[in-house]
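Listing of start_3.txt; format and content: compact mmCIF, C-alpha atoms.
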```txt
# COMPACT_ATOMS: atom_id res chain seq x y z
CA MET B 1 9.10 3.53 21.98
CA ASP B 2 7.23 5.71 19.47
CA MET B 3 10.42 6.20 17.44
CA LYS B 4 10.75 2.43 17.16
CA LYS B 5 7.20 2.27 15.79
CA TYR B 6 7.99 4.93 13.19
CA ALA B 7 11.23 3.21 12.25
CA ALA B 8 9.36 -0.08 11.83
CA GLU B 9 6.79 1.60 9.58
CA ALA B 10 9.54 3.17 7.47
CA ILE B 11 11.38 -0.15 7.10
CA GLY B 12 8.18 -2.05 6.36
CA THR B 13 7.02 0.44 3.71
CA PHE B 14 10.52 0.40 2.24
CA TRP B 15 10.22 -3.37 1.81
CA LEU B 16 6.73 -3.21 0.32
CA THR B 17 7.75 -0.54 -2.21
CA PHE B 18 11.15 -2.01 -3.05
CA ALA B 19 9.94 -5.60 -3.39
CA GLY B 20 6.59 -4.84 -4.97
CA CYS B 21 7.64 -2.12 -7.39
CA GLY B 22 10.95 -3.89 -7.92
CA SER B 23 9.14 -6.98 -9.14
CA ALA B 24 7.34 -4.82 -11.72
CA VAL B 25 10.38 -2.81 -12.82
CA ILE B 26 13.00 -5.57 -12.84
CA ALA B 27 11.33 -8.97 -13.10
CA ALA B 28 7.90 -8.61 -14.71
CA GLY B 29 9.02 -8.30 -18.30
CA PHE B 30 12.30 -10.18 -18.22
CA PRO B 31 12.65 -12.04 -21.56
CA GLN B 32 11.21 -15.58 -21.59
CA VAL B 33 11.05 -15.91 -17.80
CA GLY B 34 9.36 -12.69 -16.63
CA ILE B 35 7.00 -13.07 -13.68
CA GLY B 36 4.15 -11.09 -15.29
CA LEU B 37 1.02 -9.70 -13.65
CA VAL B 38 0.52 -12.68 -11.34
CA GLY B 39 4.10 -12.52 -10.12
CA VAL B 40 3.87 -8.80 -9.36
CA SER B 41 0.61 -9.37 -7.49
CA LEU B 42 2.23 -12.08 -5.40
CA ALA B 43 5.26 -9.90 -4.69
CA PHE B 44 3.12 -7.13 -3.20
CA GLY B 45 1.10 -9.60 -1.14
CA LEU B 46 4.17 -11.44 0.11
CA SER B 47 5.85 -8.19 1.09
CA VAL B 48 2.93 -7.48 3.43
CA VAL B 49 2.82 -11.02 4.82
CA THR B 50 6.52 -11.07 5.60
CA MET B 51 6.52 -7.63 7.22
CA ALA B 52 3.35 -8.30 9.18
CA TYR B 53 5.06 -11.19 10.92
CA ALA B 54 8.28 -9.19 11.29
CA ILE B 55 6.97 -5.87 12.64
CA GLY B 56 3.29 -6.36 13.36
CA HIS B 57 4.02 -6.62 17.07
CA ILE B 58 6.05 -3.39 16.96
CA SER B 59 3.96 -0.94 14.95
CA GLY B 60 0.91 -2.84 13.76
CA CYS B 61 2.44 -3.02 10.27
CA HIS B 62 0.27 -0.47 8.45
CA LEU B 63 2.79 0.35 5.65
CA ASN B 64 0.15 2.56 4.05
CA PRO B 65 -1.36 5.97 4.89
CA ALA B 66 -4.79 4.72 3.80
CA VAL B 67 -4.55 1.83 6.25
CA THR B 68 -3.55 4.16 9.07
CA VAL B 69 -6.43 6.54 8.33
CA GLY B 70 -8.88 3.68 7.87
CA LEU B 71 -7.94 2.05 11.17
CA ALA B 72 -8.33 5.40 12.93
CA ALA B 73 -11.76 5.88 11.31
CA GLY B 74 -12.69 2.42 12.50
CA GLY B 75 -11.70 3.16 16.08
CA ARG B 76 -8.69 0.86 16.02
CA PHE B 77 -5.83 3.37 15.98
CA PRO B 78 -5.22 6.65 17.84
CA ALA B 79 -5.81 9.66 15.59
CA GLY B 80 -2.91 11.51 17.16
CA GLN B 81 -0.49 8.98 15.67
CA ILE B 82 -1.68 9.34 12.06
CA LEU B 83 0.74 12.06 10.94
CA PRO B 84 3.99 10.51 12.23
CA TYR B 85 2.99 7.12 10.83
CA VAL B 86 2.27 8.65 7.41
CA ILE B 87 5.55 10.58 7.40
CA ALA B 88 7.48 7.40 8.23
CA GLN B 89 5.66 5.44 5.53
CA VAL B 90 6.29 8.03 2.82
CA ALA B 91 9.94 8.31 3.83
CA GLY B 92 10.38 4.54 3.57
CA ALA B 93 8.75 4.48 0.14
CA ILE B 94 10.95 7.29 -1.18
CA VAL B 95 14.14 5.58 -0.03
CA ALA B 96 12.93 2.33 -1.64
CA ALA B 97 12.20 4.10 -4.93
CA TRP B 98 15.63 5.75 -4.87
CA LEU B 99 17.42 2.42 -4.31
CA LEU B 100 15.32 0.75 -6.98
CA TYR B 101 16.18 3.56 -9.39
CA VAL B 102 19.90 3.14 -8.67
CA ILE B 103 19.71 -0.60 -9.31
CA ALA B 104 17.39 -0.50 -12.33
CA SER B 105 19.40 2.24 -14.03
CA GLY B 106 22.39 -0.10 -14.03
CA ALA B 107 20.87 -2.04 -16.93
CA PRO B 108 21.39 -0.87 -20.53
CA GLY B 109 18.30 0.69 -22.05
CA PHE B 110 16.66 1.60 -18.74
CA ASP B 111 14.19 4.44 -19.20
CA VAL B 112 12.47 5.86 -16.13
CA GLY B 113 10.01 7.56 -18.47
CA LYS B 114 8.44 4.18 -19.25
CA GLY B 115 6.65 4.36 -15.93
CA PHE B 116 8.91 2.96 -13.21
CA ALA B 117 5.88 1.21 -11.61
CA SER B 118 4.05 4.54 -11.26
CA ASN B 119 0.27 4.71 -11.05
CA GLY B 120 -1.78 6.61 -13.60
CA TYR B 121 -5.10 7.17 -15.33
CA ASP B 122 -6.28 7.94 -18.88
CA ALA B 123 -3.26 7.63 -21.21
CA HIS B 124 -1.07 6.49 -18.30
CA SER B 125 -3.37 3.69 -17.18
CA PRO B 126 -2.03 0.32 -18.38
CA GLY B 127 -5.43 -0.34 -19.97
CA GLN B 128 -6.19 3.32 -20.82
CA TYR B 129 -8.95 3.50 -18.22
CA SER B 130 -10.62 6.85 -17.55
CA MET B 131 -9.97 9.00 -14.48
CA ILE B 132 -13.41 8.15 -13.08
CA ALA B 133 -12.90 4.41 -13.56
CA CYS B 134 -9.49 4.62 -11.90
CA PHE B 135 -10.82 6.69 -8.99
CA LEU B 136 -13.63 4.22 -8.35
CA THR B 137 -11.26 1.26 -8.59
CA GLU B 138 -8.81 2.71 -6.10
CA ALA B 139 -11.52 3.80 -3.66
CA VAL B 140 -13.41 0.48 -3.73
CA MET B 141 -10.30 -1.69 -3.60
CA THR B 142 -8.92 0.25 -0.64
CA MET B 143 -12.30 0.13 1.11
CA MET B 144 -12.39 -3.65 0.84
CA PHE B 145 -8.74 -3.89 1.89
CA LEU B 146 -9.52 -2.00 5.10
CA PHE B 147 -12.66 -4.04 5.66
CA ILE B 148 -10.54 -7.21 5.53
CA ILE B 149 -7.82 -5.72 7.74
CA MET B 150 -10.38 -4.66 10.34
CA GLY B 151 -11.88 -8.15 10.41
CA ALA B 152 -8.63 -10.08 10.32
CA THR B 153 -7.17 -8.10 13.23
CA HIS B 154 -10.36 -8.14 15.32
CA GLY B 155 -9.96 -9.57 18.79
CA ARG B 156 -12.34 -12.42 17.93
CA ALA B 157 -10.65 -13.38 14.66
CA PRO B 158 -8.49 -16.54 14.56
CA ALA B 159 -5.18 -15.64 16.17
CA GLY B 160 -2.04 -15.57 14.03
CA PHE B 161 -3.71 -15.64 10.63
CA ALA B 162 -4.23 -11.92 10.04
CA PRO B 163 -1.03 -11.47 7.96
CA LEU B 164 -2.08 -14.24 5.58
CA ALA B 165 -5.59 -12.86 5.08
CA ILE B 166 -4.28 -9.33 4.56
CA GLY B 167 -1.48 -10.39 2.22
CA LEU B 168 -3.81 -12.55 0.12
CA ALA B 169 -6.29 -9.70 -0.08
CA LEU B 170 -3.56 -7.48 -1.51
CA VAL B 171 -2.72 -10.17 -4.08
CA MET B 172 -6.37 -10.29 -5.15
CA ILE B 173 -6.54 -6.50 -5.37
CA HIS B 174 -3.51 -6.42 -7.67
CA LEU B 175 -4.81 -9.24 -9.85
CA VAL B 176 -7.90 -7.17 -10.60
CA SER B 177 -6.59 -3.62 -10.70
CA ILE B 178 -3.10 -3.67 -12.23
CA PRO B 179 -4.61 -3.20 -15.73
CA VAL B 180 -6.65 -0.25 -14.45
CA THR B 181 -4.25 1.88 -12.41
CA ASN B 182 -1.14 -0.30 -12.00
CA THR B 183 -2.60 -0.69 -8.49
CA SER B 184 -1.91 1.76 -5.73
CA VAL B 185 -4.33 1.44 -2.78
CA ASN B 186 -1.34 2.98 -0.99
CA PRO B 187 -0.41 6.68 -1.30
CA ALA B 188 3.13 6.10 0.01
CA ARG B 189 3.86 3.38 -2.55
CA SER B 190 2.61 5.73 -5.28
CA THR B 191 4.62 8.72 -4.09
CA GLY B 192 8.05 7.06 -4.16
CA PRO B 193 8.14 6.11 -7.87
CA ALA B 194 6.26 9.26 -8.95
CA LEU B 195 9.03 11.47 -7.58
CA PHE B 196 11.52 9.84 -9.94
CA VAL B 197 9.26 9.75 -12.99
CA GLY B 198 8.12 13.35 -12.49
CA GLY B 199 5.87 15.02 -15.07
CA TRP B 200 2.64 13.12 -15.58
CA ALA B 201 3.22 10.83 -12.59
CA LEU B 202 3.38 13.77 -10.19
CA SER B 203 0.45 15.56 -11.82
CA GLN B 204 -1.73 12.46 -11.42
CA LEU B 205 -0.49 11.56 -7.94
CA TRP B 206 -3.40 13.40 -6.29
CA LEU B 207 -5.81 10.61 -7.30
CA PHE B 208 -3.65 7.99 -5.59
CA TRP B 209 -3.84 9.93 -2.35
CA VAL B 210 -7.47 11.04 -2.42
CA ALA B 211 -9.14 7.82 -3.60
CA PRO B 212 -7.29 5.42 -1.24
CA LEU B 213 -7.77 7.72 1.77
CA ILE B 214 -11.51 7.97 1.09
CA GLY B 215 -11.76 4.24 0.51
CA GLY B 216 -9.75 3.44 3.61
CA ALA B 217 -11.90 5.65 5.82
CA LEU B 218 -15.08 4.10 4.40
CA GLY B 219 -13.80 0.58 4.98
CA GLY B 220 -12.96 1.36 8.58
CA VAL B 221 -16.29 3.04 9.28
CA ILE B 222 -18.34 0.30 7.61
CA TYR B 223 -16.63 -2.48 9.54
CA ARG B 224 -17.01 -0.56 12.77
CA TRP B 225 -20.75 -0.31 12.09
CA LEU B 226 -20.98 -4.00 11.18
CA SER B 227 -19.08 -5.18 14.25
CA GLU B 228 -20.11 -3.28 17.35
CA GLU B 229 -17.07 -4.48 19.28
CA PRO B 230 -14.05 -3.17 17.36
CA THR B 231 -11.51 -4.61 19.79
CA GLY B 232 -7.77 -4.71 19.30
CA VAL B 233 -5.83 -1.54 18.59
CA VAL B 234 -3.56 -2.13 15.59
CA ALA B 235 -0.56 -0.22 16.87
CA GLY B 236 1.93 -2.84 18.01
CA VAL B 237 3.58 -2.38 21.38
CA LYS B 238 2.17 0.12 23.84
CA THR B 239 3.61 3.59 23.74
CA ALA B 240 5.60 4.82 26.73
```

Structure translated into structure tokens:
Amino acid sequence: MDMKKYAAEAIGTFWLTFAGCGSAVIAAGFPQVGIGLVGVSLAFGLSVVTMAYAIGHISGCHLNPAVTVGLAAGGRFPAGQILPYVIAQVAGAIVAAWLLYVIASGAPGFDVGKGFASNGYDAHSPGQYSMIACFLTEAVMTMMFLFIIMGATHGRAPAGFAPLAIGLALVMIHLVSIPVTNTSVNPARSTGPALFVGGWALSQLWLFWVAPLIGGALGGVIYRWLSEEPTGVVAGVKTA
């Protein structure tokens, strides 16, 4: 049963990374009809909505190491399951980045050095934002993302609407923070593309692990303090 959870997390994170980063790499700047910043934001949000309905009942549909850590900090996920969930998520993101690279490199003029949807700060921030500004953005955005996830999946929240609230929250996060960091709030999603870009993307990857993990933990702890009844473990089916 646990292996099915890990497989679901890998598949779900594959979809988030492939669809979300794919929208940025392939469709965002397509001449005349590119989807732009709004389209990329929607793609990331929709990837979460679709997977939440598809695998939420199997694994809880975290798709993100920061979400897994934040839910554990908030008392809504067993700490002993953090590492295998994170490994599955990172594996799914790497496979997605590899497939996206194979597809994108089939077009003339493709240059992975242009960014390949990687996250960055200073000269590699889309808006040239400083490291401090990018760190704060990632930490705060992830904190609010976890706060929303904790509330939407609470036992007293309206049933069946959690995927919509969570997906729309991710759309909002991207609408604000793409110009700052190209939006991570997800260490797995950042790791996949960075491995193919190499160089600066790998050297700056630390920020897109540290800031989201801190923000996720804070969001989980704050919601747990606000709501004294943190019911509903977000882990899908019961383990054997």

Could you give me, as a PDB file with C-alpha atoms, in the coordinates of the input, the residues within 6 Å of stretch 68-74 of chain B, counting all atoms listed in the file and dropping anything in the same chain fewer than 2 positions from it?
```
ATOM      1  CA  PRO B  65      -1.360   5.970   4.890  1.00  0.00           C
ATOM      2  CA  ALA B  66      -4.790   4.720   3.800  1.00  0.00           C
ATOM      3  CA  ARG B  76      -8.690   0.860  16.020  1.00  0.00           C
ATOM      4  CA  PHE B  77      -5.830   3.370  15.980  1.00  0.00           C
ATOM      5  CA  PRO B  78      -5.220   6.650  17.840  1.00  0.00           C
ATOM      6  CA  ALA B  79      -5.810   9.660  15.590  1.00  0.00           C
ATOM      7  CA  GLY B 216      -9.750   3.440   3.610  1.00  0.00           C
ATOM      8  CA  ALA B 217     -11.900   5.650   5.820  1.00  0.00           C
ATOM      9  CA  GLY B 220     -12.960   1.360   8.580  1.00  0.00           C
ATOM     10  CA  VAL B 221     -16.290   3.040   9.280  1.00  0.00           C
ATOM     11  CA  ARG B 224     -17.010  -0.560  12.770  1.00  0.00           C
TER      12      ARG B 224
END
```

Checklist entry - B:Ala43, B:Val86, B:Ala93, B:Leu164: which is nearest B:Thr13, counting only C-alpha atoms? => result B:Ala93

Name the residues in contact with B:Ala91 at a cut-off of 10 Å, using all atoms listed in the file, excluding same-chain residues fewer than 2 positions from it; report them as a PDB file with C-alpha atoms, in the coordinates of the input.
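Saved file selection.pdb follows:
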```pdb
ATOM      1  CA  ALA B   7      11.230   3.210  12.250  1.00  0.00           C
ATOM      2  CA  GLU B   9       6.790   1.600   9.580  1.00  0.00           C
ATOM      3  CA  ALA B  10       9.540   3.170   7.470  1.00  0.00           C
ATOM      4  CA  ILE B  11      11.380  -0.150   7.100  1.00  0.00           C
ATOM      5  CA  THR B  13       7.020   0.440   3.710  1.00  0.00           C
ATOM      6  CA  PHE B  14      10.520   0.400   2.240  1.00  0.00           C
ATOM      7  CA  TYR B  85       2.990   7.120  10.830  1.00  0.00           C
ATOM      8  CA  VAL B  86       2.270   8.650   7.410  1.00  0.00           C
ATOM      9  CA  ILE B  87       5.550  10.580   7.400  1.00  0.00           C
ATOM     10  CA  ALA B  88       7.480   7.400   8.230  1.00  0.00           C
ATOM     11  CA  GLN B  89       5.660   5.440   5.530  1.00  0.00           C
ATOM     12  CA  ALA B  93       8.750   4.480   0.140  1.00  0.00           C
ATOM     13  CA  ILE B  94      10.950   7.290  -1.180  1.00  0.00           C
ATOM     14  CA  VAL B  95      14.140   5.580  -0.030  1.00  0.00           C
ATOM     15  CA  ALA B  96      12.930   2.330  -1.640  1.00  0.00           C
ATOM     16  CA  ALA B  97      12.200   4.100  -4.930  1.00  0.00           C
ATOM     17  CA  ALA B 188       3.130   6.100   0.010  1.00  0.00           C
ATOM     18  CA  THR B 191       4.620   8.720  -4.090  1.00  0.00           C
ATOM     19  CA  GLY B 192       8.050   7.060  -4.160  1.00  0.00           C
TER      20      GLY B 192
END
```

Item to check | Between atom CA of B:Leu146 and atom CA of B:Val67, distance in Å (one decimal) | outcome: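 Going from atom CA of B:Leu146 over to atom CA of B:Val67 covers 6.4 Å.
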
Next on the checklist: Within 10 Å of (14.3, 2.8, -9.3) in the file's own coordinates, which protein, DNA or RNA residues have an atom, counting all atoms listed in the file? List them as a list in words.
Outcome noted: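 Selection result: Phe18, Cys21, Gly22, Val25, Ile26, Ile94, Val95, Ala96, Ala97, Trp98, Leu99, Leu100, Tyr101, Val102, Ile103, Ala104, Ser105, Gly106, Phe110, Val112, Phe116, Ala117, Gly192, Pro193, Phe196 and Val197 of chain B.
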
Any chance you could work out the axis-aligned box around stretch 166-185 of chain B, listed atoms only, 8 Å on each side, giving centre and edge lengths in Å to one decimal, as JSON?
```
{"center_x": -4.5, "center_y": -5.3, "center_z": -5.6, "size_x": 22.8, "size_y": 30.4, "size_z": 36.3}
```

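Going from atom CA of B:Val48 to atom CA of B:Gly199 covers 29.3 Å.
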
Checklist entry - What is the atom CA of B:Ile35 to atom CA of B:Ala52 distance in Å? => result 23.6 Å

Checklist entry - Around (-17.0, -1.7, -0.1) in the file's own coordinates, what residues are found within 12 Å if you use only C-alpha atoms, given back as a ChimeraX atom specification? => result /B:136-148,214-223

Checklist entry - stretch 171-184 of chain B: which residues within 6 Å, counting only C-alpha atoms, same-chain residues fewer than 3 positions away excluded, as a VMD selection string? => result chain B and resid 41 to 42 45 119 to 120 125 to 127 129 134 168
